[in-house]
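Visitor: Structure: run_7.cif, mmCIF, C-alpha atoms and all ligand atoms.
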data_data
loop_
_atom_site.label_atom_id
_atom_site.label_comp_id
_atom_site.auth_asym_id
_atom_site.auth_seq_id
_atom_site.Cartn_x
_atom_site.Cartn_y
_atom_site.Cartn_z
CA MET A 1 177.90 67.29 100.90
CA SER A 2 180.04 66.09 103.78
CA LEU A 3 179.21 63.64 106.49
CA MET A 4 179.67 63.79 110.19
CA GLU A 5 181.27 60.59 111.31
CA LEU A 6 180.86 58.83 114.56
CA SER A 7 184.01 57.98 116.41
CA HIS A 8 183.11 55.06 118.65
CA ALA A 9 186.21 55.32 120.77
CA SER A 10 185.60 58.85 121.92
CA ASN A 11 181.83 59.13 121.53
CA GLU A 12 182.29 62.22 119.44
CA VAL A 13 180.98 63.41 116.14
CA LYS A 14 183.41 64.82 113.64
CA VAL A 15 182.42 67.66 111.37
CA GLY A 16 185.14 68.32 108.86
CA GLY A 17 187.86 67.67 111.40
CA ASP A 18 186.23 69.46 114.33
CA SER A 19 184.82 67.20 117.01
CA VAL A 20 181.83 67.83 119.18
CA ALA A 21 180.67 65.51 121.92
CA VAL A 22 177.04 64.78 121.12
CA MET A 23 175.85 62.02 123.38
CA ASP A 24 177.04 59.11 125.44
CA LEU A 25 177.07 55.82 123.62
CA HIS A 26 178.16 53.44 126.32
CA ARG A 27 176.75 50.07 125.42
CA ARG A 28 175.38 48.47 128.57
CA ASP A 29 177.25 45.52 129.90
CA VAL A 30 174.77 43.05 131.41
CA SER A 31 176.02 39.49 131.69
CA ASP A 32 173.96 36.31 131.19
CA GLU A 33 174.67 35.47 134.80
CA GLN A 34 173.10 38.79 135.90
CA LEU A 35 170.09 38.32 133.64
CA HIS A 36 169.52 34.90 135.13
CA ARG A 37 169.62 36.37 138.63
CA PHE A 38 167.15 39.12 137.62
CA GLU A 39 164.77 36.45 136.30
CA GLN A 40 164.82 34.82 139.70
CA TYR A 41 164.06 38.15 141.42
CA ALA A 42 161.19 38.76 138.99
CA ALA A 43 159.83 35.25 139.58
CA GLU A 44 159.92 35.76 143.34
CA MET A 45 158.07 39.07 143.06
CA PHE A 46 155.46 37.90 140.55
CA SER A 47 154.68 34.82 142.56
CA ALA A 48 154.38 36.76 145.84
CA PHE A 49 152.05 39.23 144.11
CA GLY A 50 149.76 36.46 142.87
CA MET A 51 151.00 35.10 139.55
CA GLU A 52 150.98 31.35 139.17
CA LEU A 53 154.31 30.57 137.62
CA ASP A 54 153.81 26.87 137.01
CA SER A 55 151.50 27.09 133.99
CA PRO A 56 152.81 26.71 130.42
CA ALA A 57 151.83 30.33 129.74
CA THR A 58 153.69 31.81 132.70
CA ALA A 59 156.64 29.50 133.26
CA ASP A 60 158.75 31.70 131.02
CA THR A 61 157.26 35.04 132.06
CA PRO A 62 160.09 36.17 134.36
CA ARG A 63 162.59 35.63 131.54
CA ARG A 64 160.37 37.46 129.03
CA PHE A 65 159.80 40.30 131.47
CA VAL A 66 163.51 40.88 132.05
CA ARG A 67 164.25 40.78 128.30
CA ALA A 68 161.35 43.12 127.54
CA LEU A 69 162.59 45.60 130.15
CA LEU A 70 166.07 45.44 128.69
CA ASP A 71 164.68 46.11 125.19
CA ALA A 72 162.42 48.91 126.39
CA THR A 73 165.45 50.72 127.83
CA ALA A 74 167.72 50.20 124.83
CA GLY A 75 168.08 53.98 124.49
CA TYR A 76 170.98 53.76 126.96
CA ASP A 77 172.94 51.81 124.37
CA GLY A 78 172.94 54.76 122.00
CA ASP A 79 172.22 54.68 118.30
CA PRO A 80 175.28 54.96 116.05
CA LYS A 81 173.10 55.24 112.94
CA LEU A 82 171.74 58.47 114.28
CA LEU A 83 174.88 60.46 113.96
CA THR A 84 174.92 61.26 110.28
CA VAL A 85 174.44 64.92 109.60
CA PHE A 86 174.53 66.60 106.20
CA GLU A 87 175.64 70.05 105.23
CA THR A 88 173.20 72.31 103.47
CA GLU A 89 174.04 75.15 101.18
CA CYS A 90 173.04 77.97 103.45
CA ARG A 91 172.66 81.18 101.50
CA GLY A 92 171.36 83.23 104.41
CA GLY A 93 168.18 85.21 103.86
CA PRO A 94 164.67 84.64 105.23
CA ASP A 95 164.46 80.99 104.12
CA CYS A 96 167.41 80.14 106.29
CA ARG A 97 166.03 82.01 109.28
CA LEU A 98 162.36 81.04 109.01
CA SER A 99 161.82 77.78 107.13
CA GLN A 100 160.88 75.00 109.48
CA VAL A 101 161.46 71.29 109.09
CA ILE A 102 158.74 69.55 111.10
CA GLU A 103 158.22 65.86 111.78
CA GLY A 104 155.39 64.24 113.70
CA PRO A 105 153.55 62.59 115.18
CA ILE A 106 156.41 60.30 116.20
CA GLN A 107 155.14 57.55 118.49
CA PHE A 108 157.26 56.95 121.57
CA TYR A 109 157.28 54.67 124.61
CA ALA A 110 159.23 55.46 127.77
CA LEU A 111 159.41 54.22 131.36
CA CYS A 112 158.85 56.75 134.14
CA GLU A 113 161.81 56.79 136.48
CA HIS A 114 159.58 57.18 139.54
CA HIS A 115 157.58 53.98 139.03
CA ALA A 116 159.27 52.17 136.14
CA LEU A 117 155.86 52.08 134.43
CA PRO A 118 155.28 53.23 130.85
CA PHE A 119 154.37 56.64 129.62
CA TYR A 120 153.70 56.85 125.91
CA GLY A 121 152.46 59.25 123.31
CA HIS A 122 153.58 61.41 120.44
CA ALA A 123 156.48 63.75 119.78
CA TYR A 124 156.55 66.58 117.24
CA VAL A 125 159.98 67.89 116.40
CA GLY A 126 160.80 70.99 114.37
CA TYR A 127 163.94 72.90 113.56
CA ILE A 128 165.10 75.79 111.43
CA ALA A 129 168.20 74.58 109.61
CA HIS A 130 171.30 76.68 109.22
CA GLU A 131 174.31 74.79 107.89
CA HIS A 132 173.38 71.22 108.81
CA ILE A 133 170.34 69.06 108.27
CA ILE A 134 169.45 65.59 109.47
CA GLY A 135 167.49 62.85 107.68
CA ILE A 136 163.83 62.77 108.66
CA SER A 137 164.08 59.16 109.82
CA LYS A 138 166.87 60.26 112.15
CA LEU A 139 164.45 62.49 114.05
CA THR A 140 162.44 59.39 114.86
CA ARG A 141 165.62 57.63 115.99
CA LEU A 142 166.52 60.61 118.15
CA VAL A 143 163.15 60.55 119.91
CA ARG A 144 163.47 56.79 120.56
CA LEU A 145 167.06 57.15 121.77
CA PHE A 146 165.93 59.32 124.69
CA ALA A 147 162.48 57.77 125.23
CA ARG A 148 163.67 54.17 125.65
CA ARG A 149 165.04 54.77 129.13
CA PHE A 150 163.93 55.29 132.70
CA THR A 151 163.18 58.97 132.42
CA VAL A 152 160.62 61.76 132.75
CA GLN A 153 158.76 63.56 129.99
CA GLU A 154 160.55 66.86 130.67
CA ARG A 155 163.97 65.27 130.27
CA VAL A 156 163.06 63.45 127.04
CA GLY A 157 162.06 66.79 125.51
CA GLN A 158 165.13 68.63 126.78
CA GLN A 159 167.47 65.93 125.51
CA ILE A 160 165.88 65.91 122.07
CA ALA A 161 166.04 69.70 121.84
CA ASP A 162 169.57 70.01 123.19
CA SER A 163 171.08 67.25 121.06
CA LEU A 164 169.50 68.64 117.88
CA ASP A 165 170.81 72.04 118.87
CA GLU A 166 174.28 70.58 119.38
CA MET A 167 174.31 68.34 116.31
CA LEU A 168 172.91 70.81 113.79
CA ALA A 169 173.68 74.27 115.22
CA PRO A 170 170.32 75.34 113.74
CA HIS A 171 168.58 78.70 114.11
CA GLY A 172 166.02 77.08 116.38
CA VAL A 173 164.52 73.85 117.71
CA ALA A 174 160.95 73.11 118.78
CA VAL A 175 159.80 69.95 120.55
CA TYR A 176 156.26 69.16 121.66
CA LEU A 177 155.43 65.98 123.57
CA GLU A 178 152.07 64.62 124.66
CA ALA A 179 151.86 61.44 126.68
CA HIS A 180 149.69 59.18 128.80
CA HIS A 181 151.32 58.11 132.07
CA LEU A 182 150.32 54.63 133.16
CA CYS A 183 151.73 55.15 136.66
CA THR A 184 148.83 57.55 137.31
CA GLN A 185 146.24 55.87 135.09
CA MET A 186 146.64 52.26 136.27
CA ARG A 187 146.35 53.09 139.96
CA GLY A 188 143.64 54.88 141.91
CA VAL A 189 140.42 56.00 140.29
CA GLN A 190 141.04 57.91 137.09
CA GLU A 191 138.02 58.20 134.86
CA ALA A 192 139.57 60.36 132.20
CA SER A 193 142.92 59.53 130.67
CA PRO A 194 144.66 62.89 130.69
CA LEU A 195 147.43 63.83 128.32
CA THR A 196 150.48 65.51 129.76
CA ARG A 197 151.77 68.12 127.32
CA THR A 198 155.22 69.66 127.33
CA THR A 199 156.93 72.14 124.99
CA PHE A 200 160.60 72.96 124.53
CA TRP A 201 161.93 75.90 122.54
CA ARG A 202 165.46 76.77 121.54
CA GLY A 203 166.88 79.67 119.53
CA ALA A 204 164.53 81.58 117.22
CA TYR A 205 161.46 79.84 118.69
CA GLU A 206 162.23 81.38 122.09
CA GLU A 207 161.92 84.92 120.77
CA ASN A 208 159.35 84.53 118.02
CA PRO A 209 155.76 83.62 119.01
CA ALA A 210 154.74 83.54 115.34
CA LEU A 211 157.19 80.67 114.72
CA ARG A 212 155.72 78.79 117.67
CA SER A 213 152.15 79.13 116.36
CA GLU A 214 153.28 78.16 112.87
CA PHE A 215 154.91 75.06 114.39
CA PHE A 216 151.64 74.04 116.07
CA VAL A 217 149.61 74.73 112.92
CA ALA A 218 152.03 72.69 110.80
CA CYS A 219 151.78 69.86 113.33
CA GLY A 220 147.99 70.00 113.04
CA LEU A 221 147.79 70.77 116.76
CA GLN A 222 146.03 74.16 116.59
CA ARG A 223 142.59 73.53 118.01
ZN ZN A 301 155.50 57.60 137.43
ZN ZN A 302 171.40 80.30 108.43
#
What is this file in structure tokens?
Ligand SMILES: [Zn+2]
Ligand SMILES: [Zn+2]
Guide:
Amino acid sequence: MSLMELSHASNEVKVGGDSVAVMDLHRRDVSDEQLHRFEQYAAEMFSAFGMELDSPATADTPRRFVRALLDATAGYDGDPKLLTVFETECRGGPDCRLSQVIEGPIQFYALCEHHALPFYGHAYVGYIAHEHIIGISKLTRLVRLFARRFTVQERVGQQIADSLDEMLAPHGVAVYLEAHHLCTQMRGVQEASPLTRTTFWRGAYEENPALRSEFFVACGLQR
């Protein structure tokens, strides 16, 4: 069993000497001075919109808001623990081409890049391993890496699918996301709370409808 190793300097993953760029891991550089300025902007906005900032409960709200937003977008900082990939003993045959590894539901929270308001829901991720596999907990990390940003649901799914494809070189990748979007639900008159559903298929899943149905059945999503 060999490990892929993360090289921080070059943001690459090494597989037995060969390097493949997997994802950007530029840690954000936000100074205390900037954070302090952002707190003042937030205070100005909250107070103009109606918040009373001089109560014990709210005096610290601008600071908490800025910190919470920074935490909620920590996906931009990358996740070095993610990049450990193991080799399997691939013997070819139908198991290698058809056996799915499926994880879900994985809860995620993201911020829509159009309104900077949350959308949140569940991800289901599946792949058909070839020579590399990834720890199950790493799939959860991968989802969070791309969800904790200012983004859109389509991009989260594409990034999960494409980075798994790149990291594992599997026979196929399947990603299904369902989410509630607060930017539509909190404004206007919405009686129902609709789920937005998106699917992403790579490799064998693109050509094989039976694999796609099996994925949904295994996820418990066949209704
Ligand atoms: Zn939005
Ligand atoms: Zn194979």
Visitor: Taking only C-alpha atoms into account, name the residue in A:Pro80, A:Gly157, A:Gly93, A:Gly126 that is nearest to Val217 of chain A.
Guide: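 Under the stated criterion, the closest residue is A:Gly126.
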Visitor: Name the residues, by chain letter and number, that sit within 7 Å of ligand ZN 301 (chain A) using all atoms listed in the file, and give them as a list in words.
Guide: Cys112, Glu113, His114, His115, Ala116, Leu117, His181, Cys183 and Thr184 of chain A
Visitor: What does the distance between atom CA of His130 of chain A and atom CA of Glu178 of chain A come to in Å, to one decimal place?
Guide: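 Distance reported for this atom pair: 27.5 Å.
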Visitor: Between A:Ser47, A:Asn208, A:Thr73, A:Thr88, which has the minimum distance to Thr151 of chain A (counting only C-alpha atoms)?
Guide: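 Of the candidates, the smallest distance to Thr151 of chain A is held by A:Thr73.
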Visitor: Residues near Gly104 of chain A, anyone? I mean within 9 Å using only C-alpha atoms, not counting same-chain ones fewer than 2 positions away, as a PyMOL selection string.
Guide: chain A and resi 102+106-107+122-126+140+219
Visitor: Would you mind telling me which residue in A:Leu82, A:Ala129, A:Leu69, A:Ala147 lies nearest to ligand ZN 302 (chain A) when using all atoms listed in the file?
Guide: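 Under the stated criterion, the closest residue is A:Ala129.
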Visitor: So, counting all atoms listed in the file, which residue among A:Ala169, A:Met51, A:Val175, A:Leu195 is closest to ligand ZN 302 (chain A)?
Guide: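 Among the listed residues, the smallest separation from ligand ZN 302 (chain A) belongs to A:Ala169.
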